[in-house]
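In what follows, a single structure is set out as structure tokens and then discussed.
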Amino acid sequence: MQYNFCAITTLSLSRSLSCSAFMVLILLCSSPSPSCSLPPFNSTINACSYYSSANWPRRAMDLSCSSWQQVLPASCLYNCLTDSSGPRVSNVSAGMRTDHSKNILWVQRWRRMGLSCFSPREQALPARCMYNCRSESAETRVFVMSCLYTNRLKKSMLWLRQQKGMNVCWFSRQTALPARYLHNCLSDRAGPRVFVVSDLHTDYLENMSWVRRLSSVLYKKDVLIVAGDVAEMYKNFVNTMSELRDRFQVVFFVPGNHDLWCRREGENYLDSLEKLDMLLDACRELGVSTRPRTIDGVGIIPLFSWYHKSFDKEKDVTGVRIPSLEMACKDFHACKWPEELSNNDASLSQYFDLLNEKNLNAMEQIRKKSNQIITFSHFVPRQELCPEKRMLFYPNLPKIIGSDPLEVRIRSIHGQKGNTSACHVFGHTHFCWDAVLDGIRYVQAPLAYPRERKRRMNGGEDWLPFCVYDCGLTEQLSPSFWSDYYTKNKREPENTELAPWVARFYRR
């Protein structure tokens with residue numbers, strides 16, 4: 001047996017007590033492990049935390065502790081199932097206000113009990129739900145998560161009594177906790193879950209590191225849909241898809257525009273179509289699916305696509321000087337096409353849509369036999385899946401994002417009116433999105449560029465990959481600011497008055 005001990009943080013007691021007390025969060029499993037020296041800390045301890053070797057159990061452990069965490073802690077990954085054979089210390093962020101003697105928490109210690117506590121200042125930290133990951137221990141685990149603030153010491157005490165065969169997961173003051181994070185744990189269900197992600201852009205070292213940090217245990221039974229823009233460099237593309245293939249049971253892929261850029265490796269390809277063939281060949285060698293398949297009753301259909309200018313049917317913004325498409329979009333220079341294909345007309349969108357014709361028989365079989373069908377593409381099938389032009393820093397963006405033939409193709413699969421099990425995943429614009437339009441659920445879950453994650457409202461990459469299917473379509477995506485906005489506000493395509501943040505940008 002092994003002990004897993006959590007971090008210790010000081011909490012000031014009431015005036016009647018002359019010393020500090022320690023909040024001890026302990027997960028006890030089985031019997032003691034051999035004693036050994038402590039390894040280096042994984043992260044620094046904040047000044048408001050206290051560490052004493054005299055009070056710390058002398059066990060082999062990894063420590064990740066920080067206080068007053070105002071951002072999502074990367075150390076939450078320690079709360080998932082680990083490949084390591086040794087015990088570890090789970091992350092805890094105490095951060096409780098101790099300047100008032102009435103803010104005090106006592107936690108009773110019990111054998112085979114896991115306790116995790118988060119203060120009221122941490123209501124936005126979704127990583128805490130990772131304590132619900134699967135344990136290999138045969139013993140019963142009891143999880144408690146509580147935030148206590150009271151005027152009396154007795155009322156701020158939590159007593160948890162162990163009962164045989166009891167599993168408890170108690171959340172206090174967590175009404176806003178997104179349930180989707182629970183899908184990022186190991187599943188006991190026999191059927192696979194389906195996760196989605198787009199726009200990995202692993203030419204950035206930060207994004208490649210994110211891919212390599214994905215658990216090699218949690219997703220072994222699951223499916224991953226990658227909706228394009230993996231990497232510009234062929235080597236990075238192969239490395240990324242290899243890493244993902246090692247972590248998931250099945251990986252699906254469709255190419256995005258960045259995948260077909262030839263600006264750095266132009267000498268290796270005659271044009272972008274030749275590079276496309278090389279990427280598809282690499283996927284075949286790696287075991288990555290680029291054609292329709294049924295996985296345990298779930299039909300998954302990749303759809304090739306490209307954008308065209310006529311996709312934009314809303315009124316243009318005038319009165320400001322907007323850069324041309326050729327200047328704003330690198331595709332016009334980074335991609336190389338045969339003479340008969342061009343970004344300036346609909347020829348490319350038609351060409352890529354015709355690539356789907358060879359899979360018509362497979363699509364029809366999936367339509368007949370699958371109760372759940374998930375289609376996916378890189379480009380946008382409807383203009384309503386992008387903010388209005390007046391909201392965009394580049395108002396002409398809709399001219400280089402979507403495809404009308406793509407939406408026609410989607411409707412031919414899911415039906416003109418859609419259904420409750422119809423879902424389409426897309427990418428390209430880097431806007432988180434989750435909305436139902438005319439009976440089909442449209443989802444975008446992009447990793448995007450590192451600089452975009454730093455200012456993103458959804459907290460960054462901690463919620464990715466997003467689980468879209470787990471014995472049925474999952475709940476809607478919470479971080480999708482714009483789709484949430486349009487569920488509450490009517491779209492006004494005729495309104496070309498720039499939003500304040502866009503107007504300030506152009507004045508500057």
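Simple scheme: letters A, B, ... for chains in structure tokens order, numbers from 1 for residues in each chain, numbers from 1 for ligands in the order shown.
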List the spatial neighbours of A:Phe379 as a ChimeraX atom specification - criterion: any atom at most 12 Å away, only C-alpha atoms, same-chain residues fewer than 5 positions off excluded.
/A:198-199,227-229,254-258,302-308,311,349,352-353,385-386,398-407,424-430,442-444
Please indicate the distance in Å from atom CA of A:Ser377 to atom CA of A:Arg264, rounded to one decimal place.
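Taking atom CA of A:Ser377 as the start and atom CA of A:Arg264 as the end point, the length is 24.9 Å.
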Determine which residues of stretch 190-302 of chain A receive a DSSP assignment of alpha helix (DSSP H), computed from the backbone, and state them as a JSON list (two decimals) with C-alpha atoms, in the first residue's frame.
```
[["chain", "number", "residue", "atom", "x", "y", "z"],
["A", 205, "LEU", "CA", 6.66, 25.18, -28.99],
["A", 206, "GLU", "CA", 4.01, 25.99, -26.36],
["A", 207, "ASN", "CA", 1.37, 24.17, -28.40],
["A", 208, "MET", "CA", 3.57, 21.16, -29.04],
["A", 209, "SER", "CA", 4.27, 20.99, -25.32],
["A", 210, "TRP", "CA", 0.53, 21.01, -24.66],
["A", 211, "VAL", "CA", 0.09, 18.00, -26.94],
["A", 212, "ARG", "CA", 2.89, 16.12, -25.20],
["A", 213, "ARG", "CA", 1.40, 16.87, -21.79],
["A", 234, "TYR", "CA", 5.60, 18.45, -42.30],
["A", 235, "LYS", "CA", 7.87, 17.15, -39.54],
["A", 236, "ASN", "CA", 5.82, 18.87, -36.85],
["A", 237, "PHE", "CA", 2.64, 17.51, -38.40],
["A", 238, "VAL", "CA", 3.91, 13.94, -38.26],
["A", 239, "ASN", "CA", 5.22, 14.32, -34.72],
["A", 240, "THR", "CA", 1.93, 15.81, -33.53],
["A", 241, "MET", "CA", -0.28, 13.16, -35.07],
["A", 242, "SER", "CA", 2.04, 10.45, -33.76],
["A", 243, "GLU", "CA", 1.76, 11.84, -30.23],
["A", 244, "LEU", "CA", -2.03, 11.97, -30.47],
["A", 245, "ARG", "CA", -2.24, 8.50, -31.97],
["A", 246, "ASP", "CA", -0.31, 7.13, -28.99],
["A", 247, "ARG", "CA", -2.84, 8.63, -26.57],
["A", 272, "SER", "CA", -0.25, 22.39, -52.02],
["A", 273, "LEU", "CA", -2.17, 19.50, -53.56],
["A", 274, "GLU", "CA", 0.98, 17.40, -53.55],
["A", 275, "LYS", "CA", 1.52, 18.31, -49.92],
["A", 276, "LEU", "CA", -2.07, 17.28, -49.21],
["A", 277, "ASP", "CA", -1.34, 13.84, -50.68],
["A", 278, "MET", "CA", 1.77, 13.54, -48.52],
["A", 279, "LEU", "CA", -0.19, 14.43, -45.37],
["A", 280, "LEU", "CA", -2.87, 11.85, -46.17],
["A", 281, "ASP", "CA", -0.17, 9.23, -46.81],
["A", 282, "ALA", "CA", 1.42, 10.07, -43.46],
["A", 283, "CYS", "CA", -1.96, 9.64, -41.77],
["A", 284, "ARG", "CA", -2.38, 6.20, -43.33],
["A", 285, "GLU", "CA", 1.04, 5.14, -42.06],
["A", 286, "LEU", "CA", 0.29, 6.42, -38.56]]
```
Among the residues A:Ile366, A:Asn495, A:Ala445, A:Lys454, the one that comes closest to A:Gln476 [using only C-alpha atoms]
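Checking each of A:Ile366, A:Asn495, A:Ala445, A:Lys454 against A:Gln476, counting only C-alpha atoms, the winner is A:Ala445.
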Find the residues near stretch 464-469 of chain A: any atom within 7 Å, counting only C-alpha atoms, skip ones fewer than 2 places away on the same chain, and give them as an mmCIF file with N, CA, C and O atoms, in the first residue's frame.
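Printed below is part35.cif as written:
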```cif
data_model
loop_
_atom_site.group_PDB
_atom_site.id
_atom_site.type_symbol
_atom_site.label_atom_id
_atom_site.label_comp_id
_atom_site.auth_asym_id
_atom_site.auth_seq_id
_atom_site.Cartn_x
_atom_site.Cartn_y
_atom_site.Cartn_z
ATOM 1 N N HIS A 183 -15.458 14.975 -17.822
ATOM 2 C CA HIS A 183 -15.210 14.080 -18.951
ATOM 3 C C HIS A 183 -13.714 13.895 -19.200
ATOM 4 O O HIS A 183 -13.308 13.011 -19.948
ATOM 5 N N ARG A 193 -15.626 7.624 -25.669
ATOM 6 C CA ARG A 193 -16.028 9.021 -25.714
ATOM 7 C C ARG A 193 -15.408 9.639 -26.965
ATOM 8 O O ARG A 193 -14.418 9.129 -27.490
ATOM 9 N N VAL A 194 -15.975 10.739 -27.425
ATOM 10 C CA VAL A 194 -15.435 11.434 -28.590
ATOM 11 C C VAL A 194 -15.011 12.827 -28.141
ATOM 12 O O VAL A 194 -15.827 13.614 -27.655
ATOM 13 N N PHE A 195 -13.727 13.119 -28.300
ATOM 14 C CA PHE A 195 -13.169 14.425 -27.960
ATOM 15 C C PHE A 195 -12.851 15.180 -29.242
ATOM 16 O O PHE A 195 -12.542 14.568 -30.275
ATOM 17 N N VAL A 196 -12.911 16.509 -29.174
ATOM 18 C CA VAL A 196 -12.630 17.325 -30.352
ATOM 19 C C VAL A 196 -11.657 18.440 -30.001
ATOM 20 O O VAL A 196 -11.625 18.930 -28.873
ATOM 21 N N VAL A 197 -10.868 18.822 -30.997
ATOM 22 C CA VAL A 197 -9.961 19.958 -30.873
ATOM 23 C C VAL A 197 -9.615 20.406 -32.284
ATOM 24 O O VAL A 197 -9.648 19.608 -33.234
ATOM 25 N N ALA A 445 -13.739 24.017 -30.896
ATOM 26 C CA ALA A 445 -12.943 23.974 -29.664
ATOM 27 C C ALA A 445 -11.464 24.105 -30.040
ATOM 28 O O ALA A 445 -10.734 23.127 -30.101
ATOM 29 N N GLU A 461 -6.198 26.587 -22.322
ATOM 30 C CA GLU A 461 -6.271 25.232 -22.866
ATOM 31 C C GLU A 461 -6.684 24.191 -21.855
ATOM 32 O O GLU A 461 -6.724 23.005 -22.163
ATOM 33 N N ASP A 462 -7.001 24.578 -20.610
ATOM 34 C CA ASP A 462 -7.228 23.581 -19.562
ATOM 35 C C ASP A 462 -8.427 22.681 -19.847
ATOM 36 O O ASP A 462 -8.500 21.566 -19.354
ATOM 37 N N CYS A 471 -21.763 8.627 -24.307
ATOM 38 C CA CYS A 471 -23.074 7.956 -24.255
ATOM 39 C C CYS A 471 -24.181 8.916 -24.671
ATOM 40 O O CYS A 471 -25.287 8.913 -24.122
ATOM 41 N N GLY A 472 -23.903 9.747 -25.622
ATOM 42 C CA GLY A 472 -24.804 10.798 -26.085
ATOM 43 C C GLY A 472 -24.062 12.117 -26.129
ATOM 44 O O GLY A 472 -22.997 12.255 -25.522
ATOM 45 N N LEU A 473 -24.609 13.090 -26.851
ATOM 46 C CA LEU A 473 -23.966 14.391 -26.931
ATOM 47 C C LEU A 473 -23.901 15.021 -25.546
ATOM 48 O O LEU A 473 -24.868 14.986 -24.787
ATOM 49 N N THR A 474 -22.765 15.607 -25.211
ATOM 50 C CA THR A 474 -22.569 16.214 -23.905
ATOM 51 C C THR A 474 -23.218 17.596 -23.854
ATOM 52 O O THR A 474 -23.736 18.097 -24.848
#
```
Here atom CA of A:Asn419 and atom CA of A:Glu388 stand apart by 26.6 Å
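Note that the spacing between atom CA of A:Ala422 and atom CA of A:Met363 amounts to 13.9 Å.
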Just list the residues in stretch 431-481 of chain A DSSP gives strand (DSSP E) on the backbone, as a list in words.
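Restricting stretch 431-481 of chain A to strand (DSSP E) produces Trp433, Asp434, Ala435, Val436, Leu437, Ile440, Arg441, Tyr442, Val443, Gln444, Phe466, Cys467, Val468 and Tyr469 of chain A.
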Between A:Asp470, A:Ile413, A:Leu224, A:Ala448, which one has atoms that come closest to A:Leu360, using only C-alpha atoms?
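Of A:Asp470, A:Ile413, A:Leu224, A:Ala448, the one nearest A:Leu360 is A:Ile413, counting only C-alpha atoms.
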Under the rule of at most 9 Å, produce a per-residue listing of stretch 232-301 of chain A near stretch 336-347 of chain A: chain, number, name, the closest pair of atoms, and the distance in Å, as a tab-separated table, using only C-alpha atoms.
```
residue	atom	partner	partner_atom	distance
A:Leu260	CA	A:Lys336	CA	8.5
A:Trp261	CA	A:Lys336	CA	7.6
A:Cys262	CA	A:Lys336	CA	6.9
A:Arg263	CA	A:Lys336	CA	8.8
A:Gly266	CA	A:Lys336	CA	8.6
A:Leu270	CA	A:Lys336	CA	8.1
A:Asp271	CA	A:Lys336	CA	4.8
A:Ser272	CA	A:Lys336	CA	5.2
A:Leu273	CA	A:Trp337	CA	7.0
```
For the selection you just gave me, I'd like the residues written to a file as a tab-separated table (two decimals), in the first residue's frame, keeping all heavy atoms.
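File produced: part_18.tsv:
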```tsv
chain	number	residue	atom	x	y	z
A	260	LEU	N	-1.50	23.13	-45.45
A	260	LEU	CA	-1.13	23.09	-46.87
A	260	LEU	C	-0.22	24.24	-47.28
A	260	LEU	O	0.01	24.44	-48.47
A	260	LEU	CB	-2.41	23.10	-47.72
A	260	LEU	CG	-3.39	21.95	-47.44
A	260	LEU	CD1	-4.55	21.99	-48.43
A	260	LEU	CD2	-2.70	20.60	-47.49
A	261	TRP	N	0.28	24.99	-46.31
A	261	TRP	CA	1.24	26.04	-46.64
A	261	TRP	C	2.55	25.44	-47.12
A	261	TRP	O	3.01	24.42	-46.61
A	261	TRP	CB	1.50	26.90	-45.41
A	261	TRP	CG	0.41	27.90	-45.12
A	261	TRP	CD1	-0.81	27.98	-45.71
A	261	TRP	CD2	0.47	28.95	-44.14
A	261	TRP	NE1	-1.53	29.01	-45.18
A	261	TRP	CE2	-0.78	29.64	-44.21
A	261	TRP	CE3	1.42	29.38	-43.23
A	261	TRP	CZ2	-1.08	30.71	-43.40
A	261	TRP	CZ3	1.12	30.46	-42.41
A	261	TRP	CH2	-0.12	31.12	-42.50
A	262	CYS	N	3.16	26.11	-48.09
A	262	CYS	CA	4.42	25.64	-48.67
A	262	CYS	C	5.53	26.68	-48.56
A	262	CYS	O	6.57	26.57	-49.22
A	262	CYS	CB	4.22	25.28	-50.15
A	262	CYS	SG	3.00	23.98	-50.46
A	263	ARG	N	5.35	27.70	-47.75
A	263	ARG	CA	6.30	28.82	-47.75
A	263	ARG	C	7.66	28.42	-47.17
A	263	ARG	O	8.68	28.97	-47.57
A	263	ARG	CB	5.72	30.00	-46.97
A	263	ARG	CG	5.43	29.73	-45.51
A	263	ARG	CD	4.98	30.97	-44.78
A	263	ARG	NE	4.78	30.72	-43.36
A	263	ARG	CZ	4.57	31.66	-42.46
A	263	ARG	NH1	4.53	32.93	-42.83
A	263	ARG	NH2	4.40	31.35	-41.19
A	266	GLY	N	8.72	24.84	-49.62
A	266	GLY	CA	8.24	24.88	-50.99
A	266	GLY	C	9.01	23.99	-51.94
A	266	GLY	O	8.46	23.45	-52.90
A	270	LEU	N	5.50	20.15	-55.27
A	270	LEU	CA	5.16	20.85	-56.50
A	270	LEU	C	4.13	21.93	-56.21
A	270	LEU	O	4.24	23.05	-56.73
A	270	LEU	CB	4.63	19.85	-57.53
A	270	LEU	CG	4.20	20.44	-58.88
A	270	LEU	CD1	5.40	21.05	-59.59
A	270	LEU	CD2	3.55	19.36	-59.74
A	271	ASP	N	3.15	21.60	-55.39
A	271	ASP	CA	2.13	22.57	-54.98
A	271	ASP	C	1.45	22.05	-53.71
A	271	ASP	O	1.82	21.01	-53.16
A	271	ASP	CB	1.11	22.82	-56.10
A	271	ASP	CG	0.50	21.54	-56.63
A	271	ASP	OD1	0.31	20.58	-55.84
A	271	ASP	OD2	0.19	21.47	-57.83
A	272	SER	N	0.43	22.76	-53.25
A	272	SER	CA	-0.25	22.39	-52.02
A	272	SER	C	-1.04	21.10	-52.15
A	272	SER	O	-1.26	20.40	-51.15
A	272	SER	CB	-1.19	23.52	-51.59
A	272	SER	OG	-0.44	24.67	-51.21
A	273	LEU	N	-1.46	20.76	-53.36
A	273	LEU	CA	-2.17	19.50	-53.56
A	273	LEU	C	-1.23	18.32	-53.35
A	273	LEU	O	-1.63	17.27	-52.81
A	273	LEU	CB	-2.80	19.45	-54.96
A	273	LEU	CG	-3.90	20.47	-55.25
A	273	LEU	CD1	-4.47	20.25	-56.64
A	273	LEU	CD2	-5.00	20.39	-54.20
```
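Look at A:Thr496: the protein and nucleic acid residues within 8 Å of it, using only C-alpha atoms and passing over chain neighbours fewer than 3 places away, are Lys315, Asp316, Val317, Thr318, Lys389, Arg390 and Pro493 of chain A.
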